$ cat structure-v1.csv   # CSV, C-alpha atoms and all ligand atoms
chain,number,residue,atom,x,y,z
A,30,MET,CA,-20.9,-9.1,9.7
A,31,SER,CA,-17.9,-10.1,11.8
A,32,GLU,CA,-15.2,-9.1,9.3
A,33,PHE,CA,-15.2,-7.0,6.1
A,34,ILE,CA,-12.1,-6.5,4.1
A,35,VAL,CA,-11.7,-3.9,1.3
A,36,THR,CA,-8.4,-4.2,-0.6
A,37,ILE,CA,-6.9,-1.3,-2.6
A,38,ASP,CA,-3.9,-2.1,-4.7
A,39,GLY,CA,-2.1,-0.1,-7.4
A,40,PRO,CA,1.2,1.5,-8.4
A,41,ALA,CA,3.0,4.4,-6.7
A,42,GLY,CA,1.0,7.7,-7.0
A,43,SER,CA,-2.2,6.1,-8.1
A,44,GLY,CA,-4.0,7.6,-5.1
A,45,LYS,CA,-4.2,4.4,-2.9
A,46,SER,CA,-3.4,6.0,0.5
A,47,SER,CA,-5.7,9.0,0.1
A,48,VAL,CA,-8.5,6.9,-1.2
A,49,ALA,CA,-8.1,4.2,1.4
A,50,LYS,CA,-8.0,6.7,4.2
A,51,GLY,CA,-11.0,8.6,2.9
A,52,VAL,CA,-13.1,5.4,2.4
A,53,ALA,CA,-12.2,4.1,5.8
A,54,GLN,CA,-13.2,7.5,7.4
A,55,LYS,CA,-16.4,7.6,5.5
A,56,LEU,CA,-17.5,4.1,6.4
A,57,GLY,CA,-16.1,4.0,9.9
A,58,PHE,CA,-13.7,1.2,8.9
A,59,GLU,CA,-10.1,0.9,10.1
A,60,TYR,CA,-7.2,1.6,7.7
A,61,LEU,CA,-3.9,-0.2,7.1
A,62,ASN,CA,-1.1,1.1,4.9
A,63,THR,CA,1.1,-1.8,4.1
A,64,GLY,CA,3.5,0.3,2.0
A,65,ALA,CA,4.5,2.0,5.2
A,66,MET,CA,5.3,-1.5,6.7
A,67,TYR,CA,7.6,-2.3,3.8
A,68,ARG,CA,9.2,1.1,4.1
A,69,ALA,CA,9.6,0.8,7.8
A,70,ILE,CA,11.2,-2.6,7.7
A,71,ALA,CA,13.6,-1.5,4.9
A,72,PHE,CA,14.5,1.6,6.9
A,73,GLU,CA,15.2,-0.5,10.0
A,74,LEU,CA,17.3,-3.2,8.2
A,75,HIS,CA,19.2,-0.6,6.2
A,76,SER,CA,20.0,1.4,9.3
A,77,LYS,CA,21.6,-1.8,10.7
A,78,GLY,CA,23.8,-2.0,7.6
A,79,LEU,CA,21.9,-4.9,6.1
A,80,ASN,CA,21.1,-5.4,2.4
A,81,PRO,CA,18.3,-7.4,0.7
A,82,ASN,CA,20.9,-10.2,-0.2
A,83,ASP,CA,22.1,-10.6,3.4
A,84,ASP,CA,20.7,-13.2,5.8
A,85,ILE,CA,18.1,-11.2,7.6
A,86,SER,CA,16.0,-14.0,9.0
A,87,GLY,CA,17.3,-13.4,12.6
A,88,GLU,CA,16.5,-9.7,12.4
A,89,LEU,CA,13.0,-10.4,11.0
A,90,GLU,CA,12.2,-12.7,13.9
A,91,ARG,CA,13.2,-10.0,16.4
A,92,ILE,CA,11.3,-7.0,14.8
A,93,THR,CA,7.9,-6.3,16.2
A,94,MET,CA,5.3,-4.2,14.4
A,95,ASP,CA,2.1,-2.7,15.8
A,96,TYR,CA,-0.6,-0.6,14.1
A,97,LYS,CA,-2.6,1.6,16.5
A,98,ASP,CA,-4.9,4.5,15.6
A,99,GLY,CA,-3.5,4.8,12.1
A,100,CYS,CA,0.1,4.9,13.4
A,101,LEU,CA,2.8,2.3,12.8
A,102,TYR,CA,5.2,1.2,15.6
A,103,VAL,CA,8.4,-0.7,14.9
A,104,ASN,CA,10.0,-2.2,18.0
A,105,GLY,CA,7.7,0.0,20.1
A,106,LYS,CA,8.9,3.2,18.3
A,107,LYS,CA,6.4,5.3,16.3
A,108,VAL,CA,7.3,5.6,12.6
A,109,GLY,CA,7.3,9.1,11.1
A,110,ASP,CA,8.2,10.9,7.9
A,111,GLU,CA,11.7,9.4,7.8
A,112,ILE,CA,10.3,6.5,5.7
A,113,ARG,CA,8.9,8.9,3.0
A,114,SER,CA,12.1,9.8,1.2
A,115,LEU,CA,12.9,8.6,-2.3
A,116,GLU,CA,15.8,6.6,-1.0
A,117,VAL,CA,13.5,4.7,1.4
A,118,SER,CA,10.9,4.2,-1.5
A,119,SER,CA,13.5,2.5,-3.5
A,120,LEU,CA,14.9,0.5,-0.5
A,121,ALA,CA,11.4,-0.7,0.3
A,122,SER,CA,10.9,-2.0,-3.2
A,123,ASP,CA,14.3,-3.8,-3.0
A,124,PHE,CA,13.5,-5.4,0.4
A,125,ALA,CA,10.0,-6.2,-0.8
A,126,ARG,CA,11.4,-8.8,-3.3
A,127,VAL,CA,12.8,-10.9,-0.4
A,128,PRO,CA,10.5,-13.9,0.3
A,129,ALA,CA,11.2,-13.8,4.1
A,130,VAL,CA,10.2,-10.2,4.3
A,131,ARG,CA,7.0,-10.8,2.4
A,132,LYS,CA,6.2,-13.8,4.5
A,133,ALA,CA,6.8,-11.9,7.8
A,134,LEU,CA,4.7,-8.9,6.7
A,135,THR,CA,1.9,-11.0,5.2
A,136,ARG,CA,1.5,-12.8,8.6
A,137,ILE,CA,1.4,-9.5,10.5
A,138,GLN,CA,-1.1,-7.9,8.0
A,139,ARG,CA,-3.5,-10.9,8.3
A,140,ALA,CA,-3.3,-10.8,12.1
A,141,ILE,CA,-4.0,-7.0,12.2
A,142,ALA,CA,-7.1,-7.4,9.9
A,143,LYS,CA,-8.6,-10.4,11.6
A,144,GLY,CA,-12.2,-9.8,12.7
A,145,ARG,CA,-12.2,-6.1,11.7
A,146,HIS,CA,-13.9,-3.9,9.2
A,147,ILE,CA,-10.8,-2.6,7.4
A,148,VAL,CA,-9.5,-1.0,4.3
A,149,VAL,CA,-6.0,-2.3,3.4
A,150,GLU,CA,-3.8,-0.8,0.7
A,151,GLY,CA,-0.7,-2.0,-1.0
A,152,ARG,CA,0.5,-4.0,-4.0
A,153,ASP,CA,-0.6,-7.6,-3.2
A,154,MET,CA,-3.6,-7.1,-0.9
A,155,GLY,CA,-6.2,-8.6,-3.3
A,156,THR,CA,-3.9,-11.1,-5.0
A,157,VAL,CA,-2.0,-12.7,-2.1
A,158,VAL,CA,-2.7,-11.4,1.4
A,159,PHE,CA,-6.5,-11.3,1.3
A,160,PRO,CA,-7.6,-13.3,-1.7
A,161,THR,CA,-11.1,-13.7,-0.3
A,162,ALA,CA,-11.6,-10.0,0.5
A,163,ASN,CA,-15.2,-8.7,0.2
A,164,VAL,CA,-14.3,-5.9,-2.2
A,165,LYS,CA,-11.1,-5.6,-4.3
A,166,ILE,CA,-10.1,-2.3,-6.0
A,167,PHE,CA,-7.2,-1.7,-8.3
A,168,LEU,CA,-6.3,2.0,-8.9
A,169,THR,CA,-4.4,3.3,-11.9
A,170,ALA,CA,-3.4,6.7,-13.2
A,171,SER,CA,-1.2,8.0,-16.0
A,172,LEU,CA,2.5,8.3,-15.3
A,173,LYS,CA,2.3,12.0,-15.8
A,174,GLU,CA,-0.4,12.4,-13.1
A,175,ARG,CA,1.3,10.0,-10.7
A,176,VAL,CA,4.6,12.0,-10.9
A,177,PHE,CA,2.7,15.2,-10.3
A,178,ARG,CA,0.9,13.8,-7.3
A,179,ARG,CA,4.1,12.4,-5.8
A,180,MET,CA,5.9,15.7,-6.4
A,181,ARG,CA,3.1,17.6,-4.5
A,182,GLU,CA,3.1,15.0,-1.7
A,183,LEU,CA,6.8,15.3,-1.2
A,184,GLN,CA,6.7,19.1,-1.4
A,185,MET,CA,4.2,19.1,1.5
A,186,LYS,CA,6.8,17.3,3.5
A,187,GLY,CA,9.5,19.8,2.6
A,188,ILE,CA,11.2,17.5,0.0
A,189,PHE,CA,11.9,19.3,-3.3
A,190,LEU,CA,12.9,17.1,-6.2
A,191,SER,CA,12.8,17.6,-10.0
A,192,HIS,CA,10.1,16.1,-12.2
A,193,LYS,CA,12.7,13.8,-13.8
A,194,GLU,CA,14.1,12.5,-10.5
A,195,ILE,CA,10.6,11.5,-9.4
A,196,GLU,CA,9.6,10.1,-12.8
A,197,ASP,CA,12.8,7.9,-12.9
A,198,GLU,CA,12.2,6.6,-9.4
A,199,ILE,CA,8.5,5.8,-10.1
A,200,LYS,CA,9.3,4.0,-13.4
A,201,GLN,CA,12.0,2.0,-11.7
A,202,ARG,CA,9.7,0.9,-8.9
A,203,ASP,CA,6.8,0.2,-11.3
A,204,ARG,CA,9.2,-2.1,-13.2
A,205,GLN,CA,10.6,-3.8,-10.1
A,206,ASP,CA,7.2,-4.2,-8.2
A,207,SER,CA,5.4,-5.6,-11.3
A,208,SER,CA,8.1,-8.0,-12.5
A,209,ARG,CA,9.2,-9.7,-9.2
A,210,PRO,CA,8.5,-13.4,-9.0
A,211,ILE,CA,6.6,-13.3,-5.7
A,212,ALA,CA,3.4,-11.2,-5.2
A,213,PRO,CA,4.0,-8.9,-8.2
A,214,LEU,CA,1.8,-5.9,-8.6
A,215,LYS,CA,-1.2,-6.8,-10.8
A,216,PRO,CA,-5.0,-6.5,-10.5
A,217,ALA,CA,-6.5,-9.3,-8.5
A,218,GLU,CA,-9.2,-11.5,-10.1
A,219,ASN,CA,-12.6,-10.0,-9.5
A,220,SER,CA,-11.1,-6.6,-8.8
A,221,VAL,CA,-12.7,-3.4,-9.9
A,222,VAL,CA,-10.2,-1.3,-11.8
A,223,ILE,CA,-10.5,2.5,-11.5
A,224,ASP,CA,-8.5,4.9,-13.6
A,225,THR,CA,-8.1,8.0,-11.3
A,226,THR,CA,-6.3,10.2,-13.8
A,227,LYS,CA,-9.2,12.6,-14.4
A,228,LYS,CA,-11.1,12.0,-11.2
A,229,SER,CA,-11.0,14.1,-8.1
A,230,LEU,CA,-10.1,12.4,-4.8
A,231,ASP,CA,-13.7,12.8,-3.5
A,232,GLU,CA,-15.1,11.3,-6.7
A,233,VAL,CA,-13.0,8.1,-6.2
A,234,ILE,CA,-13.8,7.9,-2.5
A,235,ASP,CA,-17.5,8.2,-3.3
A,236,GLU,CA,-17.2,5.5,-6.0
A,237,VAL,CA,-15.4,3.0,-3.8
A,238,SER,CA,-17.6,3.7,-0.8
A,239,SER,CA,-20.8,3.2,-2.8
A,240,LEU,CA,-19.4,-0.1,-4.1
A,241,VAL,CA,-18.7,-1.2,-0.6
A,242,LEU,CA,-22.1,-0.2,0.7
A,243,ARG,CA,-23.8,-2.0,-2.3
A,244,ARG,CA,-21.9,-5.1,-1.5
A,245,ILE,CA,-22.7,-4.9,2.2
A,246,ARG,CA,-26.4,-4.7,1.2
A,247,ASN,CA,-25.8,-7.5,-1.4
A,248,GLU,CA,-27.0,-5.3,-4.3
A,249,ASP,CA,-23.9,-5.4,-6.4
A,250,PRO,CA,-24.4,-7.4,-9.6
A,251,HIS,CA,-20.6,-8.0,-9.9
A,252,ARG,CA,-20.5,-9.8,-6.6
A,253,ARG,CA,-18.1,-12.8,-6.3
B,1,LIG,O1,2.8,2.1,-1.3
B,1,LIG,P1,4.3,2.6,-1.1
B,1,LIG,O2,4.8,3.4,-2.3
B,1,LIG,O3,4.5,3.3,0.2
B,1,LIG,O4,5.2,1.2,-1.1
B,1,LIG,C1,6.6,1.2,-1.0
B,1,LIG,C2,7.1,-0.1,-1.6
B,1,LIG,O5,6.8,-1.2,-0.8
B,1,LIG,C3,6.6,-0.4,-3.0
B,1,LIG,O6,7.4,0.1,-4.0
B,1,LIG,C4,6.6,-1.9,-3.0
B,1,LIG,C5,6.5,-2.3,-1.6
B,1,LIG,N1,5.2,-2.9,-1.2
B,1,LIG,C6,4.9,-4.2,-1.5
B,1,LIG,O7,5.8,-4.8,-2.1
B,1,LIG,N2,3.7,-4.8,-1.2
B,1,LIG,C7,2.8,-4.0,-0.5
B,1,LIG,N3,1.7,-4.6,-0.1
B,1,LIG,C8,3.0,-2.7,-0.2
B,1,LIG,C9,4.2,-2.1,-0.6

$ encode --input "structure-v1.csv" --output "structure tokens"
Amino acid sequence: MSEFIVTIDGPAGSGKSSVAKGVAQKLGFEYLNTGAMYRAIAFELHSKGLNPNDDISGELERITMDYKDGCLYVNGKKVGDEIRSLEVSSLASDFARVPAVRKALTRIQRAIAKGRHIVVEGRDMGTVVFPTANVKIFLTASLKERVFRRMRELQMKGIFLSHKEIEDEIKQRDRQDSSRPIAPLKPAENSVVIDTTKKSLDEVIDEVSSLVLRRIRNEDPHRR
């Protein structure tokens, strides 16, 4: 088995990152967080005073991105918690609508995954970037649960925001990410949809890992 790709897509707060990390750890796979790539590129372009409507093709050509040991490097510099604020969440969603940004990141994501056993998470992993992935998962959860999870996650990073601020931001991003013309957020064909609202993280990690193992052993009746 030279390459094995597991895609995990879903809206903000559906549990993608925690599940993808957990499954990768359990199975000894690598892990790629593509949301962090969109955040990092938006952060970089915004710090240079650029907006999604500007001509950013020159900047995109110059930006380098590496992913080593679960850490993202932009132009050789390690990316940290500066990309986790609500402002950067919303900037990432804005820049993610720009075709040149998606094209550049899709190319980098495919290059990173080539020849590896990897769990990749984002919005368009199963639909656009890896349409022939071995296992495709789409995670959902109720809005209430997603707001609660995001609130807890931000609090752990020392960011304290009201329920309403987080709910408004998530709703706005859901709308924008699902309605954009290129690579909108939607379940891929042949994806397994899992509602995580009432499930613990470990339950979902176990469910996805078993699915991957069954498919590796060719025992899954829903195989493509
Ligand atoms: O997963 P996240 O919340 O960190 O992603 C931030 C934004 O990046 C998200 O609102 C939309 C964009 N994104 C995307 O368009 N495609 C991806 N594969 C991953 C993220």

$ residues_around --input "structure-v1.csv" --residues "Asp98 of chain A" --least-positions-apart "5" --cutoff "10 Å" --atoms "only C-alpha atoms" --output "VMD selection string"
chain A and resid 59 to 61

$ closest_residue --input "structure-v1.csv" --among "A:Glu73, A:Glu32, A:Asp110, A:Glu150" --to "ligand LIG 1 (chain B)" --atoms "only C-alpha atoms and all ligand atoms"
A:Glu150

$ residues_around --input "structure-v1.csv" --residues "segment 213-216 of chain A" --least-positions-apart "2" --cutoff "10 Å" --atoms "only C-alpha atoms" --output "number ranges by chain"
A: 37-40, 125-126, 151-157, 165-169, 203-211, 218-222

$ residues_around --input "structure-v1.csv" --residues "segment 133-148 of chain A" --least-positions-apart "4" --cutoff "8 Å" --atoms "all atoms listed in the file" --output "list in words"
Ser31, Glu32, Phe33, Ile34, Val35, Thr36, Ile37, Ala49, Lys50, Val52, Ala53, Phe58, Glu59, Tyr60, Leu61, Thr63, Met66, Tyr67, Leu89, Met94, Tyr96, Ala129, Val158 and Phe159 of chain A

$ write_last_selection --input "structure-v1.csv" --atoms "C-alpha atoms" --output "CSV table (one decimal), in the coordinates of the input"
chain,number,residue,atom,x,y,z
A,31,SER,CA,-17.9,-10.1,11.8
A,32,GLU,CA,-15.2,-9.1,9.3
A,33,PHE,CA,-15.2,-7.0,6.1
A,34,ILE,CA,-12.1,-6.5,4.1
A,35,VAL,CA,-11.7,-3.9,1.3
A,36,THR,CA,-8.4,-4.2,-0.6
A,37,ILE,CA,-6.9,-1.3,-2.6
A,49,ALA,CA,-8.1,4.2,1.4
A,50,LYS,CA,-8.0,6.7,4.2
A,52,VAL,CA,-13.1,5.4,2.4
A,53,ALA,CA,-12.2,4.1,5.8
A,58,PHE,CA,-13.7,1.2,8.9
A,59,GLU,CA,-10.1,0.9,10.1
A,60,TYR,CA,-7.2,1.6,7.7
A,61,LEU,CA,-3.9,-0.2,7.1
A,63,THR,CA,1.1,-1.8,4.1
A,66,MET,CA,5.3,-1.5,6.7
A,67,TYR,CA,7.6,-2.3,3.8
A,89,LEU,CA,13.0,-10.4,11.0
A,94,MET,CA,5.3,-4.2,14.4
A,96,TYR,CA,-0.6,-0.6,14.1
A,129,ALA,CA,11.2,-13.8,4.1
A,158,VAL,CA,-2.7,-11.4,1.4
A,159,PHE,CA,-6.5,-11.3,1.3

$ closest_atom_pairs --input "structure-v1.csv" --of "segment 87-133 of chain A" --to "segment 181-193 of chain A" --cutoff "12 Å" --atoms "only C-alpha atoms" --output "tab-separated table"
residue	atom	partner	partner_atom	distance
A:Gly109	CA	A:Lys186	CA	11.2
A:Asp110	CA	A:Lys186	CA	7.9
A:Glu111	CA	A:Lys186	CA	10.2
A:Ile112	CA	A:Lys186	CA	11.6
A:Arg113	CA	A:Leu183	CA	7.9
A:Ser114	CA	A:Ile188	CA	7.8
A:Leu115	CA	A:Leu183	CA	9.1
A:Glu116	CA	A:Ile188	CA	11.9
A:Ser118	CA	A:Leu183	CA	11.8

$ atom_distance --input "structure-v1.csv" --atom1 "atom CA of Leu56 of chain A" --atom2 "atom CA of Lys107 of chain A"
25.9 Å

$ closest_residue --input "structure-v1.csv" --among "A:Lys55, A:Lys132, A:Lys228, A:Arg243" --to "ligand LIG 1 (chain B)" --atoms "all atoms listed in the file"
A:Lys132

$ atom_distance --input "structure-v1.csv" --atom1 "atom CA of Asn80 of chain A" --atom2 "atom CA of Ile199 of chain A"
21.0 Å

$ closest_residue --input "structure-v1.csv" --among "A:Ile70, A:His75, A:Asp95, A:Ser119" --to "Arg131 of chain A" --atoms "all atoms listed in the file"
A:Ile70

$ atom_distance --input "structure-v1.csv" --atom1 "atom CA of Cys100 of chain A" --atom2 "atom CA of Thr225 of chain A"
26.2 Å

$ closest_residue --input "structure-v1.csv" --among "A:Val130, A:Asp231, A:Arg246, A:Thr161" --to "Ile85 of chain A" --atoms "all atoms listed in the file"
A:Val130

$ residues_around --input "structure-v1.csv" --residues "Gly42 of chain A" --least-positions-apart "4" --cutoff "7 Å" --atoms "only C-alpha atoms" --output "MDAnalysis selection string"
chainID A and resid 175:176 178:179

$ closest_residue --input "structure-v1.csv" --among "A:Thr93, A:Ser47, A:Asn62, A:Ser76" --to "ligand LIG 1 (chain B)" --atoms "only C-alpha atoms and all ligand atoms"
A:Asn62

$ residues_around --input "structure-v1.csv" --residues "Asn82 of chain A" --least-positions-apart "6" --cutoff "10 Å" --atoms "only C-alpha atoms" --output "list of chain:residue names"
A:Asp123, A:Phe124, A:Val127

$ closest_residue --input "structure-v1.csv" --among "A:Asn247, A:Ser43, A:Asn104, A:Ser238" --to "Phe177 of chain A" --atoms "all atoms listed in the file"
A:Ser43

$ build_atoms --input "structure-v1.csv" --residues "segment 171-188 of chain A" --atoms "N, CA and C atoms" --output "compact mmCIF listing (two decimals), in the frame of the given file"
# COMPACT_ATOMS: atom_id res chain seq x y z
N SER A 171 -2.33 7.83 -15.07
CA SER A 171 -1.20 8.00 -16.00
C SER A 171 0.05 8.29 -15.30
N LEU A 172 1.19 7.99 -15.94
CA LEU A 172 2.50 8.30 -15.30
C LEU A 172 2.64 9.73 -14.99
N LYS A 173 2.20 10.58 -15.93
CA LYS A 173 2.30 12.00 -15.80
C LYS A 173 1.62 12.48 -14.49
N GLU A 174 0.41 12.00 -14.31
CA GLU A 174 -0.40 12.40 -13.10
C GLU A 174 0.20 11.82 -11.85
N ARG A 175 0.73 10.61 -11.92
CA ARG A 175 1.30 10.00 -10.70
C ARG A 175 2.56 10.75 -10.28
N VAL A 176 3.36 11.18 -11.27
CA VAL A 176 4.60 12.00 -10.90
C VAL A 176 4.18 13.28 -10.30
N PHE A 177 3.16 13.91 -10.86
CA PHE A 177 2.70 15.20 -10.30
C PHE A 177 2.21 15.04 -8.90
N ARG A 178 1.43 13.99 -8.65
CA ARG A 178 0.90 13.80 -7.30
C ARG A 178 2.01 13.51 -6.30
N ARG A 179 2.98 12.68 -6.70
CA ARG A 179 4.10 12.40 -5.80
C ARG A 179 4.91 13.61 -5.49
N MET A 180 5.09 14.44 -6.51
CA MET A 180 5.90 15.70 -6.40
C MET A 180 5.19 16.58 -5.33
N ARG A 181 3.87 16.71 -5.46
CA ARG A 181 3.10 17.60 -4.50
C ARG A 181 3.17 17.01 -3.12
N GLU A 182 3.04 15.69 -3.02
CA GLU A 182 3.10 15.00 -1.70
C GLU A 182 4.41 15.26 -1.01
N LEU A 183 5.50 15.12 -1.79
CA LEU A 183 6.80 15.30 -1.20
C LEU A 183 7.07 16.77 -0.83
N GLN A 184 6.55 17.66 -1.67
CA GLN A 184 6.70 19.10 -1.40
C GLN A 184 6.06 19.47 -0.06
N MET A 185 4.90 18.86 0.20
CA MET A 185 4.20 19.10 1.50
C MET A 185 5.05 18.70 2.66
N LYS A 186 5.94 17.74 2.43
CA LYS A 186 6.80 17.30 3.50
C LYS A 186 8.15 17.98 3.48
N GLY A 187 8.27 19.01 2.62
CA GLY A 187 9.50 19.80 2.60
C GLY A 187 10.59 19.15 1.71
N ILE A 188 10.21 18.17 0.87
CA ILE A 188 11.20 17.50 0.00
C ILE A 188 10.99 18.02 -1.42
